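One structure is given below, encoded as structure tokens.
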Amino acid sequence: MRYGNINGRAALISGDLALDVEKASDGLFGPDPDGVFENWAEFAAWARGQSFEDAVPFTDVEVGPPVLRPAQIFGIGLNYDAHAAEAGLEASVTRPAVFTKFVTSITGPYDAVRLPSASVDWEVELVVVIGKRAEDVTKEQGWDHVAGLTIGQDLSERDVQLAGPVPQFSLGKSYPGFSPIGPAIVTPDELADRDDLALSCSVGDEVLQDGRTRDLIFSVPALVSYLSSILPLLPGDVIFTGTPAGVGMGRDPQRYLVPGTTLVSEIEGIGRLRNDLVAD
């Protein structure tokens with residue numbers, strides 16, 4: 001199942017066709033894209049039996065972020081060995097490095113992103129959306145609490161992020177538009193191997209990052225288990241699972257995003273983001 005936000009309304013998606021959830025369910029489920037997460041199991045059971053006979057075509061300009069107002073957004077740092085190495089740090093194998101991103105940073109998969117400085121970096125990431133409240137769940141139970149997966153860019157203003165006296169990860173990664181997600185939430189059963197997906201990002205013809213989620217140090221179920229051991233994960237919560245090697249800060253010389261270009265982020269089986277970059 002593919003679920004998304006078309007013209008601000010909840011929709012099931014098949015190719016370039018969208019089925020309006022409120023209309024197709026005769027009001028059983030409302031139009032708010034965030035409204036289905038509290039009853040995700042019921043919604044998913046209903047959705048899998050739907051025909052797309054009444055679906056209508058849509059274009060990229062109509063697609064918004066599939067989650068608008070998550071109660072919590074988690075970011076995971078240094079979750080690929082090669083990325084930790086390029087950062088000159090040693091990745092932990094006992095517990096993940098966790099930070100937060102603020103909800104006003106969320107934007108759509110095809111929206112333009114304003115660059116507030118010349119130090120904005122790219123980080124393509126697999127994003128998890130929670131579909132069932134999780135508290136103290138085991139790793140084996142982790143996937144049971146996942147509604148689906150989508151694509152995200154954890155854009156980072158490095159000067160703010162690394163400003164002393166202590167790093168300001170949450171602020172540096174939370175400018176407006178710094179969390180593009182989408183284009184849809186894809187349920188794990190749609191994917192050939194939910195634990196091994198190719199992910200990449202590029203500007204123009206240049207591939208900047210190219211990795212696979214099988215290289216995550218802490219897998220999706222491991223992250224759900226760890227986070228839920230500390231605080232409840234709520235339906236609709238979002239987890240950015242970490243980025244592979246190839247970020248601009250890790251290059252010699254360092255390199256960052258510039259206005260007038262387009263950042264394209266892709267994950268196998270899910271789709272792509274395409275965000276034009278503009279001057280602030």
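Here's how to read the names in the structure tokens: chain A, B, ... by the order shown, residue numbers from 1 in each chain, ligand numbers from 1 in the order shown.
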
For segment 157-167 of chain A, please output as number ranges by chain all residues within 12 Å (counting only C-alpha atoms; exclusion window: fewer than 5 positions along the same chain). A: 99, 101, 114-123, 172-178, 247-250, 254-257

Could you list, as an MDAnalysis selection string, every residue within 12 Å of Ala184 of chain A, counting only C-alpha atoms and ignoring same-chain residues fewer than 6 positions away? chainID A and resid 1:6 10:16 18 33 60 63:67 108:110 127:129 147:152 267 269:273

Using C-alpha atoms, can you export the residues from the last selection as an mmCIF file, in the first residue's frame?
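Ended up saving to selection-v1.cif:
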```cif
data_model
loop_
_atom_site.group_PDB
_atom_site.id
_atom_site.type_symbol
_atom_site.label_atom_id
_atom_site.label_comp_id
_atom_site.auth_asym_id
_atom_site.auth_seq_id
_atom_site.Cartn_x
_atom_site.Cartn_y
_atom_site.Cartn_z
ATOM 1 C CA MET A 1 0.000 0.000 0.000
ATOM 2 C CA ARG A 2 1.115 3.521 -0.804
ATOM 3 C CA TYR A 3 -0.378 6.338 1.206
ATOM 4 C CA GLY A 4 0.119 10.047 0.770
ATOM 5 C CA ASN A 5 -1.043 13.634 0.816
ATOM 6 C CA ILE A 6 -2.608 14.941 -2.382
ATOM 7 C CA ALA A 10 -5.374 11.750 2.621
ATOM 8 C CA ALA A 11 -5.051 9.519 -0.446
ATOM 9 C CA LEU A 12 -4.149 6.037 -1.558
ATOM 10 C CA ILE A 13 -1.685 6.150 -4.432
ATOM 11 C CA SER A 14 -1.076 3.892 -7.407
ATOM 12 C CA GLY A 15 1.345 5.259 -9.977
ATOM 13 C CA ASP A 16 0.007 8.686 -10.953
ATOM 14 C CA ALA A 18 -4.882 8.997 -6.262
ATOM 15 C CA PRO A 33 -3.418 13.085 6.100
ATOM 16 C CA ASP A 60 3.881 16.510 -8.550
ATOM 17 C CA VAL A 63 1.869 16.202 -3.544
ATOM 18 C CA GLY A 64 2.555 17.273 0.037
ATOM 19 C CA PRO A 65 4.478 15.614 2.860
ATOM 20 C CA PRO A 66 2.749 12.329 3.853
ATOM 21 C CA VAL A 67 3.039 13.304 7.536
ATOM 22 C CA GLY A 108 6.962 18.234 0.665
ATOM 23 C CA PRO A 109 8.861 15.956 -1.691
ATOM 24 C CA TYR A 110 8.863 18.458 -4.563
ATOM 25 C CA VAL A 127 12.465 7.530 7.156
ATOM 26 C CA VAL A 128 10.248 5.381 9.378
ATOM 27 C CA VAL A 129 6.666 6.346 10.220
ATOM 28 C CA ALA A 147 3.188 1.999 9.454
ATOM 29 C CA GLY A 148 5.573 2.358 6.553
ATOM 30 C CA LEU A 149 8.713 3.847 5.085
ATOM 31 C CA THR A 150 9.401 6.980 3.091
ATOM 32 C CA ILE A 151 12.343 9.105 1.901
ATOM 33 C CA GLY A 152 13.811 12.060 3.745
ATOM 34 C CA ILE A 267 15.220 5.013 -2.300
ATOM 35 C CA GLY A 269 10.919 0.743 -4.070
ATOM 36 C CA ILE A 270 9.754 4.046 -2.574
ATOM 37 C CA GLY A 271 10.471 6.733 -5.151
ATOM 38 C CA ARG A 272 12.288 10.052 -5.182
ATOM 39 C CA LEU A 273 12.321 13.554 -3.775
#
```

May I ask which of the residues A:Val146, A:Leu191, A:Leu233, A:Leu126 is the closest one to Leu216 of chain A, counting only C-alpha atoms? A:Leu126

What is the atom CA of Arg212 of chain A-atom CA of Leu78 of chain A distance in Å, reported with one decimal?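 Taking atom CA of Arg212 of chain A and atom CA of Leu78 of chain A, their separation equals 14.5 Å.
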
Nearest to Ala82 of chain A: which of A:Glu190, A:Asp111, A:Asp215, A:Asp154 is it, counting only C-alpha atoms?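 Ranked by minimum distance to Ala82 of chain A, first place goes to A:Asp215.
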
Residue among A:Gly142, A:Gly77, A:Pro180, A:Gly204 lying closest to Ser228 of chain A, counting only C-alpha atoms: A:Gly142

List every residue of segment 17-114 of chain A that DSSP, applied to the backbone of this structure, assigns to helix (DSSP H, G or I), and report them as number ranges by chain. A: 21-24, 37-47, 60-62, 81-86, 103-105

Using atom CA of Ile130 of chain A and atom CA of Asp144 of chain A as the two end points, give the distance in Å to one decimal.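 For atom CA of Ile130 of chain A relative to atom CA of Asp144 of chain A, the distance reads 9.4 Å.
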
Which residues come within 9 Å of Arg69 of chain A, counting only C-alpha atoms, excluding same-chain residues fewer than 3 positions away, as a VMD selection string? chain A and resid 34 72 103 to 104 106 236 to 237

Residue selection dump (C-alpha atoms) as a PDB file, in the first residue's frame:
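Result file selection_15.pdb:
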```
ATOM      1  CA  ASP A  34      -2.375  12.666   9.752  1.00  0.00           C
ATOM      2  CA  GLN A  72       7.950  13.611  17.613  1.00  0.00           C
ATOM      3  CA  VAL A 103       8.087  19.886  13.070  1.00  0.00           C
ATOM      4  CA  THR A 104       8.219  23.226  11.230  1.00  0.00           C
ATOM      5  CA  ILE A 106       8.891  19.405   7.353  1.00  0.00           C
ATOM      6  CA  GLY A 236       2.603   9.262  13.186  1.00  0.00           C
ATOM      7  CA  ASP A 237       6.022   9.793  14.767  1.00  0.00           C
TER       8      ASP A 237
END
```

For Cys201 of chain A, please output as a list in words all residues within 10 Å (counting only C-alpha atoms; exclusion window: fewer than 4 positions along the same chain).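 My reading of the contact set: Trp122, Glu123, Val124, Glu125, Gln153, Glu206, Val207, Leu208, Gln209, Asp210, Gly211, Gly246, Val247, Leu263, Val264, Ser265, Glu266, Ile267, Arg272, Leu273 and Arg274 of chain A.
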
Using only N, CA and C atoms, please write the residues we just selected to a file, as an mmCIF file, in the first residue's frame.
```cif
data_model
loop_
_atom_site.group_PDB
_atom_site.id
_atom_site.type_symbol
_atom_site.label_atom_id
_atom_site.label_comp_id
_atom_site.auth_asym_id
_atom_site.auth_seq_id
_atom_site.Cartn_x
_atom_site.Cartn_y
_atom_site.Cartn_z
ATOM 1 N N TRP A 122 23.798 18.002 2.601
ATOM 2 C CA TRP A 122 22.775 17.022 2.232
ATOM 3 C C TRP A 122 22.948 15.743 3.055
ATOM 4 N N GLU A 123 21.860 15.032 3.337
ATOM 5 C CA GLU A 123 21.902 13.728 4.012
ATOM 6 C C GLU A 123 20.647 12.948 3.629
ATOM 7 N N VAL A 124 20.740 12.094 2.619
ATOM 8 C CA VAL A 124 19.593 11.273 2.248
ATOM 9 C C VAL A 124 19.382 10.199 3.313
ATOM 10 N N GLU A 125 18.120 9.924 3.651
ATOM 11 C CA GLU A 125 17.847 8.964 4.722
ATOM 12 C C GLU A 125 16.551 8.193 4.477
ATOM 13 N N GLN A 153 15.295 13.935 3.526
ATOM 14 C CA GLN A 153 16.577 14.627 3.506
ATOM 15 C C GLN A 153 16.738 15.317 4.859
ATOM 16 N N GLU A 206 25.619 14.375 -11.032
ATOM 17 C CA GLU A 206 26.610 13.885 -10.071
ATOM 18 C C GLU A 206 25.940 13.186 -8.894
ATOM 19 N N VAL A 207 26.267 11.932 -8.701
ATOM 20 C CA VAL A 207 25.776 11.186 -7.548
ATOM 21 C C VAL A 207 26.630 11.555 -6.335
ATOM 22 N N LEU A 208 25.984 12.041 -5.289
ATOM 23 C CA LEU A 208 26.691 12.485 -4.089
ATOM 24 C C LEU A 208 26.765 11.392 -3.030
ATOM 25 N N GLN A 209 25.698 10.609 -2.904
ATOM 26 C CA GLN A 209 25.654 9.511 -1.944
ATOM 27 C C GLN A 209 25.068 8.286 -2.623
ATOM 28 N N ASP A 210 25.545 7.114 -2.247
ATOM 29 C CA ASP A 210 25.075 5.862 -2.830
ATOM 30 C C ASP A 210 25.304 4.757 -1.810
ATOM 31 N N GLY A 211 24.252 4.283 -1.175
ATOM 32 C CA GLY A 211 24.412 3.284 -0.117
ATOM 33 C C GLY A 211 23.267 2.296 -0.097
ATOM 34 N N GLY A 246 29.293 10.227 2.097
ATOM 35 C CA GLY A 246 29.229 11.081 0.924
ATOM 36 C C GLY A 246 28.734 12.476 1.187
ATOM 37 N N VAL A 247 28.570 12.858 2.460
ATOM 38 C CA VAL A 247 28.089 14.210 2.761
ATOM 39 C C VAL A 247 29.167 15.232 2.443
ATOM 40 N N LEU A 263 18.292 19.094 -5.778
ATOM 41 C CA LEU A 263 18.736 17.927 -5.025
ATOM 42 C C LEU A 263 17.714 16.817 -5.222
ATOM 43 N N VAL A 264 18.158 15.686 -5.756
ATOM 44 C CA VAL A 264 17.287 14.538 -6.000
ATOM 45 C C VAL A 264 17.700 13.403 -5.062
ATOM 46 N N SER A 265 16.733 12.877 -4.320
ATOM 47 C CA SER A 265 16.990 11.816 -3.345
ATOM 48 C C SER A 265 16.104 10.620 -3.696
ATOM 49 N N GLU A 266 16.687 9.421 -3.721
ATOM 50 C CA GLU A 266 15.946 8.243 -4.152
ATOM 51 C C GLU A 266 16.160 7.073 -3.191
ATOM 52 N N ILE A 267 15.115 6.277 -3.016
ATOM 53 C CA ILE A 267 15.220 5.013 -2.300
ATOM 54 C C ILE A 267 14.462 3.953 -3.098
ATOM 55 N N ARG A 272 11.257 9.015 -5.229
ATOM 56 C CA ARG A 272 12.288 10.052 -5.182
ATOM 57 C C ARG A 272 11.704 11.378 -4.694
ATOM 58 N N LEU A 273 12.588 12.153 -4.071
ATOM 59 C CA LEU A 273 12.321 13.554 -3.775
ATOM 60 C C LEU A 273 13.053 14.386 -4.817
ATOM 61 N N ARG A 274 12.520 15.540 -5.118
ATOM 62 C CA ARG A 274 13.185 16.460 -6.041
ATOM 63 C C ARG A 274 12.960 17.869 -5.513
#
```
